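Asker: So I've got this file, my_file.txt, and it contains compact mmCIF, C-alpha atoms:
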# COMPACT_ATOMS: atom_id res chain seq x y z
CA MET N 1 81.83 93.39 95.92
CA SER N 2 79.69 91.52 98.38
CA ARG N 3 79.15 91.18 102.10
CA ASP N 4 78.19 87.91 103.80
CA ALA N 5 75.10 87.35 105.93
CA ARG N 6 75.12 87.66 109.71
CA PHE N 7 76.54 85.18 112.20
CA ASP N 8 73.99 82.66 113.51
CA ASP N 9 73.64 84.54 116.82
CA GLY N 10 72.57 87.74 115.05
CA ALA N 11 75.90 89.54 115.36
CA GLU N 12 77.20 91.29 112.27
CA GLY N 13 78.61 88.78 109.83
CA PRO N 14 82.15 88.57 108.61
CA LEU N 15 83.36 90.96 105.96
CA SER N 16 83.93 89.23 102.64
CA LEU N 17 85.10 91.30 99.68
CA ARG N 18 86.45 90.48 96.23
CA ALA N 19 88.40 92.90 94.03
CA GLU N 20 88.58 92.43 90.29
CA SER N 21 89.29 96.06 89.39
CA ALA N 22 91.61 98.78 90.65
CA GLU N 23 88.59 100.58 92.15
CA ASP N 24 87.57 97.48 94.12
CA LEU N 25 91.17 97.02 95.25
CA ALA N 26 91.18 100.59 96.61
CA VAL N 27 88.35 99.59 98.99
CA ILE N 28 90.29 96.56 100.22
CA ALA N 29 93.45 98.69 100.53
CA ALA N 30 91.60 101.15 102.77
CA LEU N 31 90.40 98.33 105.01
CA VAL N 32 93.80 96.68 105.43
CA GLN N 33 95.86 99.82 106.05
CA ASP N 34 97.55 99.49 109.44
CA ALA N 35 96.99 95.74 109.45
CA VAL N 36 99.80 93.79 111.07
CA LEU N 37 100.96 90.37 110.00
CA PRO N 38 103.70 88.08 111.19
CA VAL N 39 106.05 87.15 108.36
CA THR N 40 105.25 83.52 109.26
CA GLU N 41 101.63 84.12 108.14
CA ILE N 42 102.56 84.84 104.51
CA ARG N 43 102.16 81.81 102.24
CA TYR N 44 102.92 81.52 98.54
CA GLU N 45 101.64 78.32 96.95
CA PRO N 46 103.07 78.20 93.40
CA LYS N 47 101.10 75.11 92.34
CA ALA N 48 97.84 76.69 93.50
CA ARG N 49 99.01 80.09 92.12
CA ARG N 50 97.92 81.73 95.35
CA LEU N 51 99.46 84.17 97.83
CA SER N 52 97.70 84.35 101.19
CA MET N 53 98.29 86.41 104.31
CA LEU N 54 96.64 86.28 107.71
CA LEU N 55 96.21 89.87 108.90
CA ASN N 56 95.23 91.46 112.18
CA ARG N 57 93.38 94.50 110.85
CA PHE N 58 91.74 97.51 112.43
CA ARG N 59 88.00 97.61 111.60
CA TRP N 60 87.98 100.89 109.69
CA GLU N 61 84.43 100.14 108.50
CA ASP N 62 83.22 100.28 112.13
CA LYS N 63 85.22 103.29 113.37
CA ALA N 64 82.50 105.95 112.99
CA ALA N 65 79.81 103.74 114.56
CA ALA N 66 82.09 102.87 117.50
CA GLU N 67 82.78 106.56 118.11
CA ALA N 68 79.10 107.51 117.84
CA GLU N 69 78.04 104.71 120.20
CA GLY N 70 80.91 105.24 122.62
CA ARG N 71 82.13 101.68 122.33
CA PRO N 72 85.70 100.43 121.98
CA TYR N 73 87.44 100.21 118.64
CA GLU N 74 87.81 96.73 117.23
CA ARG N 75 90.27 94.58 115.33
CA VAL N 76 89.65 91.32 113.47
CA GLN N 77 91.71 88.54 111.91
CA SER N 78 91.29 88.54 108.14
CA LEU N 79 92.62 86.46 105.30
CA LEU N 80 93.91 88.31 102.24
CA VAL N 81 94.23 86.04 99.19
CA LEU N 82 95.64 86.90 95.77
CA SER N 83 94.78 84.43 93.00
CA ASP N 84 96.33 83.72 89.59
CA VAL N 85 99.76 84.61 91.00
CA THR N 86 102.69 83.85 88.70
CA GLN N 87 105.54 85.06 90.93
CA VAL N 88 106.19 86.76 94.27
CA ALA N 89 109.05 89.02 95.33
CA SER N 90 109.71 90.86 98.57
CA GLN N 91 112.05 93.63 99.60
CA GLY N 92 112.99 95.53 102.72
CA PHE N 93 112.50 92.75 105.28
CA ASP N 94 113.91 89.37 106.26
CA ARG N 95 111.40 86.69 105.25
CA LYS N 96 113.23 84.13 107.39
CA ASP N 97 112.90 86.06 110.69
CA PRO N 98 110.14 84.16 112.56
CA ASP N 99 109.67 87.02 115.04
CA LEU N 100 109.16 89.74 112.43
CA VAL N 101 105.78 91.49 112.34
CA LEU N 102 104.99 93.64 109.31
CA SER N 103 102.59 96.56 109.02
CA ALA N 104 100.60 97.07 105.80
CA LEU N 105 100.29 100.59 104.44
CA ASP N 106 98.73 100.17 101.00
CA ILE N 107 97.79 97.75 98.24
CA ALA N 108 97.88 98.84 94.60
CA PHE N 109 97.58 97.26 91.17
CA GLU N 110 100.10 98.09 88.46
CA PRO N 111 98.50 96.95 85.18
CA ALA N 112 100.39 95.37 82.29
CA ALA N 113 99.18 93.89 79.02
CA GLU N 114 95.80 92.14 78.73
CA GLY N 115 94.71 92.31 82.39
CA ALA N 116 97.97 91.03 83.83
CA GLY N 117 100.11 93.13 86.15
CA ARG N 118 101.47 93.35 89.67
CA VAL N 119 99.75 93.69 93.01
CA VAL N 120 102.08 95.59 95.33
CA ILE N 121 101.59 95.57 99.09
CA THR N 122 103.54 98.44 100.60
CA LEU N 123 104.79 97.89 104.15
CA ALA N 124 106.03 100.24 106.85
CA GLY N 125 109.81 100.64 106.89
CA ASP N 126 110.16 100.71 103.09
CA GLY N 127 109.24 97.05 102.66
CA ALA N 128 107.03 95.63 99.94
CA ILE N 129 105.58 92.41 98.61
CA ALA N 130 104.97 92.31 94.84
CA ALA N 131 102.93 89.57 93.19
CA GLY N 132 102.84 89.12 89.44
CA VAL N 133 99.29 88.19 88.47
CA GLU N 134 97.59 87.05 85.26
CA CYS N 135 94.50 89.03 86.26
CA LEU N 136 93.44 91.05 89.29
CA SER N 137 91.70 88.77 91.77
CA VAL N 138 92.00 89.66 95.46
CA ASP N 139 89.79 88.42 98.30
CA LEU N 140 89.56 89.76 101.85
CA ARG N 141 87.59 87.70 104.35
CA ASP N 142 87.25 88.06 108.10
CA VAL N 143 88.00 84.75 109.79
CA THR N 144 87.35 85.64 113.45
CA ARG N 145 84.81 87.69 115.30
CA PRO N 146 85.86 91.27 116.01
CA TYR N 147 87.59 91.88 119.33
CA ARG N 148 88.51 94.97 121.33
CA ALA N 149 91.61 96.76 120.05
CA VAL N 150 94.26 96.32 122.75
CA SER N 151 95.49 99.93 122.48
CA GLY N 152 91.93 101.27 122.68
CA GLN N 153 92.85 103.78 119.98
CA ALA N 154 92.42 104.02 116.24
CA PRO N 155 95.56 104.27 114.13
CA SER N 156 96.41 107.95 113.76
CA HIS N 157 96.58 109.08 110.15
CA PRO N 158 94.09 110.27 107.52
CA GLU N 159 91.68 107.56 106.34
Would you put the structure from the file into structure tokens?

Answerer:
Amino acid sequence: MSRDARFDDGAEGPLSLRAESAEDLAVIAALVQDAVLPVTEIRYEPKARRLSMLLNRFRWEDKAAAEAEGRPYERVQSLLVLSDVTQVASQGFDRKDPDLVLSALDIAFEPAAEGAGRVVITLAGDGAIAAGVECLSVDLRDVTRPYRAVSGQAPSHPE
């Protein structure tokens, strides 16, 4: 797993992580819990064998520092990309509702034979997105600078 360099102005650089094992995926899962995403920001590209989602995620990695420094909590737009995707299925929500906003709870890998398996993104309200993959390859990359969380509060559940 790697982290990019800083922005040109010296601010902390964007988070950029890659998971190729269940342990790596657990780190990404922790960072995207409580992320929200409009259903319109989920894209499956069968020819490219890629599933991508634009998330608005809470910056869990900055929570302790924000508390210690007395500064506001932050959110950031991030792109979650699954590669080598062979199929995608969803349940528990209407994919055609353009006003629907989903909330991510967890991401897990269910292995099958020879490195293949399913990546399952569990959503609030008993929804899920399952992607069949030939191998585990998940990228999370911040695509905007962090900004103040509108609520001013961290999501309330154990980390």

Asker: Hey, could you make a per-residue contact list for region 16-135 of chain N against region 143-148 of chain N with 7 Å as the cut-off, showing the nearest pair of atoms and its distance in Å to one decimal, counting only C-alpha atoms, sorted by chain and number, as a Markdown table?

Answerer:
| residue | atom | partner | partner_atom | distance |
| --- | --- | --- | --- | --- |
| N:Pro72 | CA | N:Arg148 | CA | 6.2 |
| N:Tyr73 | CA | N:Arg148 | CA | 6.0 |
| N:Glu74 | CA | N:Arg148 | CA | 4.5 |
| N:Arg75 | CA | N:Tyr147 | CA | 5.5 |
| N:Val76 | CA | N:Pro146 | CA | 4.6 |
| N:Gln77 | CA | N:Thr144 | CA | 5.5 |
| N:Ser78 | CA | N:Val143 | CA | 5.3 |
| N:Leu79 | CA | N:Val143 | CA | 6.7 |

Asker: I need the residue nearest Leu123 (chain N) from this list: N:Val150, N:Val138, N:Ala22, N:Ile107. Use all atoms listed in the file for the distance.

Answerer: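 Distance minimum relative to Leu123 (chain N) lands on N:Ile107.
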
Asker: Can you tell me which residues surround region 81-87 of chain N at a distance of at most 7 Å, considering all atoms listed in the file, apart from same-chain residues fewer than 4 positions away, and format the answer as a PyMOL selection string?

Answerer: chain N and resi 49-53+131-135+137-140

Asker: Please provide as a list of chain:residue names all residues within 9 Å of Glu41 (chain N), with the sequence filter that same-chain residues fewer than 2 positions apart are discarded (counting only C-alpha atoms).

Answerer: N:Leu37, N:Pro38, N:Val39, N:Arg43, N:Ser52, N:Met53, N:Leu54, N:Leu55

Asker: Counting all atoms listed in the file, find the residues whose atoms lie at most 8 Å from (96.1, 94.9, 109.7) (file coordinates) and write them out as a PDB file with C-alpha atoms, keeping the file's coordinate frame.

Answerer:
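Contents of the output file part-v6.pdb:
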ATOM      1  CA  VAL N  32      93.800  96.680 105.430  1.00  0.00           C
ATOM      2  CA  GLN N  33      95.860  99.820 106.050  1.00  0.00           C
ATOM      3  CA  ASP N  34      97.550  99.490 109.440  1.00  0.00           C
ATOM      4  CA  ALA N  35      96.990  95.740 109.450  1.00  0.00           C
ATOM      5  CA  VAL N  36      99.800  93.790 111.070  1.00  0.00           C
ATOM      6  CA  LEU N  37     100.960  90.370 110.000  1.00  0.00           C
ATOM      7  CA  LEU N  55      96.210  89.870 108.900  1.00  0.00           C
ATOM      8  CA  ASN N  56      95.230  91.460 112.180  1.00  0.00           C
ATOM      9  CA  ARG N  57      93.380  94.500 110.850  1.00  0.00           C
ATOM     10  CA  PHE N  58      91.740  97.510 112.430  1.00  0.00           C
ATOM     11  CA  SER N 103     102.590  96.560 109.020  1.00  0.00           C
ATOM     12  CA  ALA N 104     100.600  97.070 105.800  1.00  0.00           C
TER      13      ALA N 104
END

Asker: How far is it from CA of Leu136 (chain N) to CA of Ala48 (chain N), in Å with one decimal?

Answerer: 15.6 Å

Asker: At what distance in Å, to one decimal, does CA of Ala108 (chain N) lie from CA of Val27 (chain N)?

Answerer: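 So the answer is 10.5 Å.
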
Asker: Contacts of Ile121 (chain N) at 6 Å or less, counting all atoms listed in the file, minus same-chain residues fewer than 4 places along, as an mmCIF file with C-alpha atoms, in the frame of the given file?

Answerer:
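Output (selection00.cif):
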data_model
loop_
_atom_site.group_PDB
_atom_site.id
_atom_site.type_symbol
_atom_site.label_atom_id
_atom_site.label_comp_id
_atom_site.auth_asym_id
_atom_site.auth_seq_id
_atom_site.Cartn_x
_atom_site.Cartn_y
_atom_site.Cartn_z
ATOM 1 C CA ASP N 106 98.730 100.170 101.000
ATOM 2 C CA ILE N 107 97.790 97.750 98.240
ATOM 3 C CA ALA N 128 107.030 95.630 99.940
ATOM 4 C CA ILE N 129 105.580 92.410 98.610
#

Asker: Using all atoms listed in the file, can you tell me which of N:Pro155, N:Phe109, N:Tyr44, N:Val119 comes closest to Glu23 (chain N)?

Answerer: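 The answer is N:Phe109, which sits nearest to Glu23 (chain N).
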
Asker: Around all listed atoms of region 68-72 of chain N, padded 6 Å per side, what centre and edge lengths does the axis-aligned box have in Å to one decimal, as JSON?

Answerer:
{"center_x": 81.9, "center_y": 104.0, "center_z": 120.2, "size_x": 19.7, "size_y": 19.1, "size_z": 16.8}

Asker: Please measure the separation of CA of Leu31 (chain N) and CA of Gly115 (chain N), giving the value in Å to one decimal.

Answerer: 23.8 Å

Asker: Could you check which of N:Ala19, N:Ala124, N:Arg118, N:Gly152 is closest to Glu67 (chain N), using all atoms listed in the file?

Answerer: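 Ranking N:Ala19, N:Ala124, N:Arg118, N:Gly152 by distance to Glu67 (chain N), first place goes to N:Gly152.
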
Asker: Using all atoms listed in the file, pick whichever of N:Pro111, N:Leu105, N:Gly70, N:Leu15 has the shortest atom-to-atom distance to Ala30 (chain N).

Answerer: N:Leu105

Asker: Considering all atoms listed in the file, can you say which of N:Glu114, N:Ala64, N:Thr40, N:Pro46 comes closest to Asp99 (chain N)?

Answerer: N:Thr40

Asker: For region 79-111 of chain N, which lacks atoms in the input, supply N, CA and C atoms and format the output as a PDB file, in the coordinates of the input.

Answerer:
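The result, written out as out_35.pdb:
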ATOM      1  N   LEU N  79      91.783  87.153 106.266  1.00  0.00           N
ATOM      2  CA  LEU N  79      92.620  86.460 105.300  1.00  0.00           C
ATOM      3  C   LEU N  79      92.580  87.235 103.993  1.00  0.00           C
ATOM      4  N   LEU N  80      93.763  87.627 103.519  1.00  0.00           N
ATOM      5  CA  LEU N  80      93.910  88.310 102.240  1.00  0.00           C
ATOM      6  C   LEU N  80      94.492  87.302 101.263  1.00  0.00           C
ATOM      7  N   VAL N  81      93.798  87.059 100.150  1.00  0.00           N
ATOM      8  CA  VAL N  81      94.230  86.040  99.190  1.00  0.00           C
ATOM      9  C   VAL N  81      94.296  86.653  97.794  1.00  0.00           C
ATOM     10  N   LEU N  82      95.450  86.513  97.163  1.00  0.00           N
ATOM     11  CA  LEU N  82      95.640  86.900  95.770  1.00  0.00           C
ATOM     12  C   LEU N  82      95.649  85.629  94.950  1.00  0.00           C
ATOM     13  N   SER N  83      94.868  85.606  93.874  1.00  0.00           N
ATOM     14  CA  SER N  83      94.780  84.430  93.000  1.00  0.00           C
ATOM     15  C   SER N  83      95.456  84.704  91.671  1.00  0.00           C
ATOM     16  N   ASP N  84      95.682  83.650  90.906  1.00  0.00           N
ATOM     17  CA  ASP N  84      96.330  83.720  89.590  1.00  0.00           C
ATOM     18  C   ASP N  84      97.706  84.369  89.671  1.00  0.00           C
ATOM     19  N   VAL N  85      98.433  84.036  90.760  1.00  0.00           N
ATOM     20  CA  VAL N  85      99.760  84.610  91.000  1.00  0.00           C
ATOM     21  C   VAL N  85     100.801  83.806  90.229  1.00  0.00           C
ATOM     22  N   THR N  86     101.647  84.510  89.493  1.00  0.00           N
ATOM     23  CA  THR N  86     102.690  83.850  88.700  1.00  0.00           C
ATOM     24  C   THR N  86     104.056  83.924  89.378  1.00  0.00           C
ATOM     25  N   GLN N  87     104.273  84.924  90.206  1.00  0.00           N
ATOM     26  CA  GLN N  87     105.540  85.060  90.930  1.00  0.00           C
ATOM     27  C   GLN N  87     105.361  86.021  92.093  1.00  0.00           C
ATOM     28  N   VAL N  88     106.236  85.889  93.105  1.00  0.00           N
ATOM     29  CA  VAL N  88     106.190  86.760  94.270  1.00  0.00           C
ATOM     30  C   VAL N  88     107.614  87.202  94.595  1.00  0.00           C
ATOM     31  N   ALA N  89     107.762  88.477  94.902  1.00  0.00           N
ATOM     32  CA  ALA N  89     109.050  89.020  95.330  1.00  0.00           C
ATOM     33  C   ALA N  89     108.810  89.907  96.539  1.00  0.00           C
ATOM     34  N   SER N  90     109.813  89.974  97.414  1.00  0.00           N
ATOM     35  CA  SER N  90     109.710  90.860  98.570  1.00  0.00           C
ATOM     36  C   SER N  90     110.983  91.662  98.688  1.00  0.00           C
ATOM     37  N   GLN N  91     110.871  92.805  99.369  1.00  0.00           N
ATOM     38  CA  GLN N  91     112.050  93.630  99.600  1.00  0.00           C
ATOM     39  C   GLN N  91     111.880  94.379 100.909  1.00  0.00           C
ATOM     40  N   GLY N  92     113.013  94.689 101.537  1.00  0.00           N
ATOM     41  CA  GLY N  92     112.990  95.530 102.720  1.00  0.00           C
ATOM     42  C   GLY N  92     112.726  94.827 104.032  1.00  0.00           C
ATOM     43  N   PHE N  93     112.674  93.489 104.036  1.00  0.00           N
ATOM     44  CA  PHE N  93     112.500  92.750 105.280  1.00  0.00           C
ATOM     45  C   PHE N  93     113.051  91.346 105.119  1.00  0.00           C
ATOM     46  N   ASP N  94     113.348  90.714 106.242  1.00  0.00           N
ATOM     47  CA  ASP N  94     113.910  89.370 106.260  1.00  0.00           C
ATOM     48  C   ASP N  94     112.789  88.345 106.361  1.00  0.00           C
ATOM     49  N   ARG N  95     112.492  87.669 105.275  1.00  0.00           N
ATOM     50  CA  ARG N  95     111.400  86.690 105.250  1.00  0.00           C
ATOM     51  C   ARG N  95     111.656  85.496 106.160  1.00  0.00           C
ATOM     52  N   LYS N  96     112.896  85.298 106.566  1.00  0.00           N
ATOM     53  CA  LYS N  96     113.230  84.130 107.390  1.00  0.00           C
ATOM     54  C   LYS N  96     113.232  84.440 108.881  1.00  0.00           C
ATOM     55  N   ASP N  97     112.933  85.686 109.271  1.00  0.00           N
ATOM     56  CA  ASP N  97     112.900  86.060 110.690  1.00  0.00           C
ATOM     57  C   ASP N  97     111.533  85.698 111.268  1.00  0.00           C
ATOM     58  N   PRO N  98     111.436  84.621 112.062  1.00  0.00           N
ATOM     59  CA  PRO N  98     110.140  84.160 112.560  1.00  0.00           C
ATOM     60  C   PRO N  98     109.471  85.117 113.549  1.00  0.00           C
ATOM     61  N   ASP N  99     110.232  86.073 114.082  1.00  0.00           N
ATOM     62  CA  ASP N  99     109.670  87.020 115.040  1.00  0.00           C
ATOM     63  C   ASP N  99     109.239  88.343 114.403  1.00  0.00           C
ATOM     64  N   LEU N 100     109.452  88.480 113.111  1.00  0.00           N
ATOM     65  CA  LEU N 100     109.160  89.740 112.430  1.00  0.00           C
ATOM     66  C   LEU N 100     107.666  89.927 112.209  1.00  0.00           C
ATOM     67  N   VAL N 101     107.178  91.114 112.576  1.00  0.00           N
ATOM     68  CA  VAL N 101     105.780  91.490 112.340  1.00  0.00           C
ATOM     69  C   VAL N 101     105.786  92.694 111.418  1.00  0.00           C
ATOM     70  N   LEU N 102     105.055  92.590 110.315  1.00  0.00           N
ATOM     71  CA  LEU N 102     104.990  93.640 109.310  1.00  0.00           C
ATOM     72  C   LEU N 102     103.725  94.462 109.480  1.00  0.00           C
ATOM     73  N   SER N 103     103.753  95.690 108.975  1.00  0.00           N
ATOM     74  CA  SER N 103     102.590  96.560 109.020  1.00  0.00           C
ATOM     75  C   SER N 103     102.253  97.026 107.599  1.00  0.00           C
ATOM     76  N   ALA N 104     101.036  96.720 107.161  1.00  0.00           N
ATOM     77  CA  ALA N 104     100.600  97.070 105.800  1.00  0.00           C
ATOM     78  C   ALA N 104     100.208  98.537 105.723  1.00  0.00           C
ATOM     79  N   LEU N 105     100.654  99.189 104.670  1.00  0.00           N
ATOM     80  CA  LEU N 105     100.290 100.590 104.440  1.00  0.00           C
ATOM     81  C   LEU N 105      99.327 100.745 103.276  1.00  0.00           C
ATOM     82  N   ASP N 106      99.540  99.974 102.204  1.00  0.00           N
ATOM     83  CA  ASP N 106      98.730 100.170 101.000  1.00  0.00           C
ATOM     84  C   ASP N 106      98.796  98.919 100.126  1.00  0.00           C
ATOM     85  N   ILE N 107      97.804  98.780  99.270  1.00  0.00           N
ATOM     86  CA  ILE N 107      97.790  97.750  98.240  1.00  0.00           C
ATOM     87  C   ILE N 107      97.407  98.447  96.944  1.00  0.00           C
ATOM     88  N   ALA N 108      98.171  98.201  95.890  1.00  0.00           N
ATOM     89  CA  ALA N 108      97.880  98.840  94.600  1.00  0.00           C
ATOM     90  C   ALA N 108      98.103  97.832  93.476  1.00  0.00           C
ATOM     91  N   PHE N 109      97.434  98.085  92.363  1.00  0.00           N
ATOM     92  CA  PHE N 109      97.580  97.260  91.170  1.00  0.00           C
ATOM     93  C   PHE N 109      98.302  98.066  90.113  1.00  0.00           C
ATOM     94  N   GLU N 110      99.356  97.479  89.559  1.00  0.00           N
ATOM     95  CA  GLU N 110     100.100  98.090  88.460  1.00  0.00           C
ATOM     96  C   GLU N 110      99.799  97.263  87.215  1.00  0.00           C
ATOM     97  N   PRO N 111      98.915  97.752  86.335  1.00  0.00           N
ATOM     98  CA  PRO N 111      98.500  96.950  85.180  1.00  0.00           C
ATOM     99  C   PRO N 111      99.606  96.780  84.144  1.00  0.00           C
TER     100      PRO N 111
END
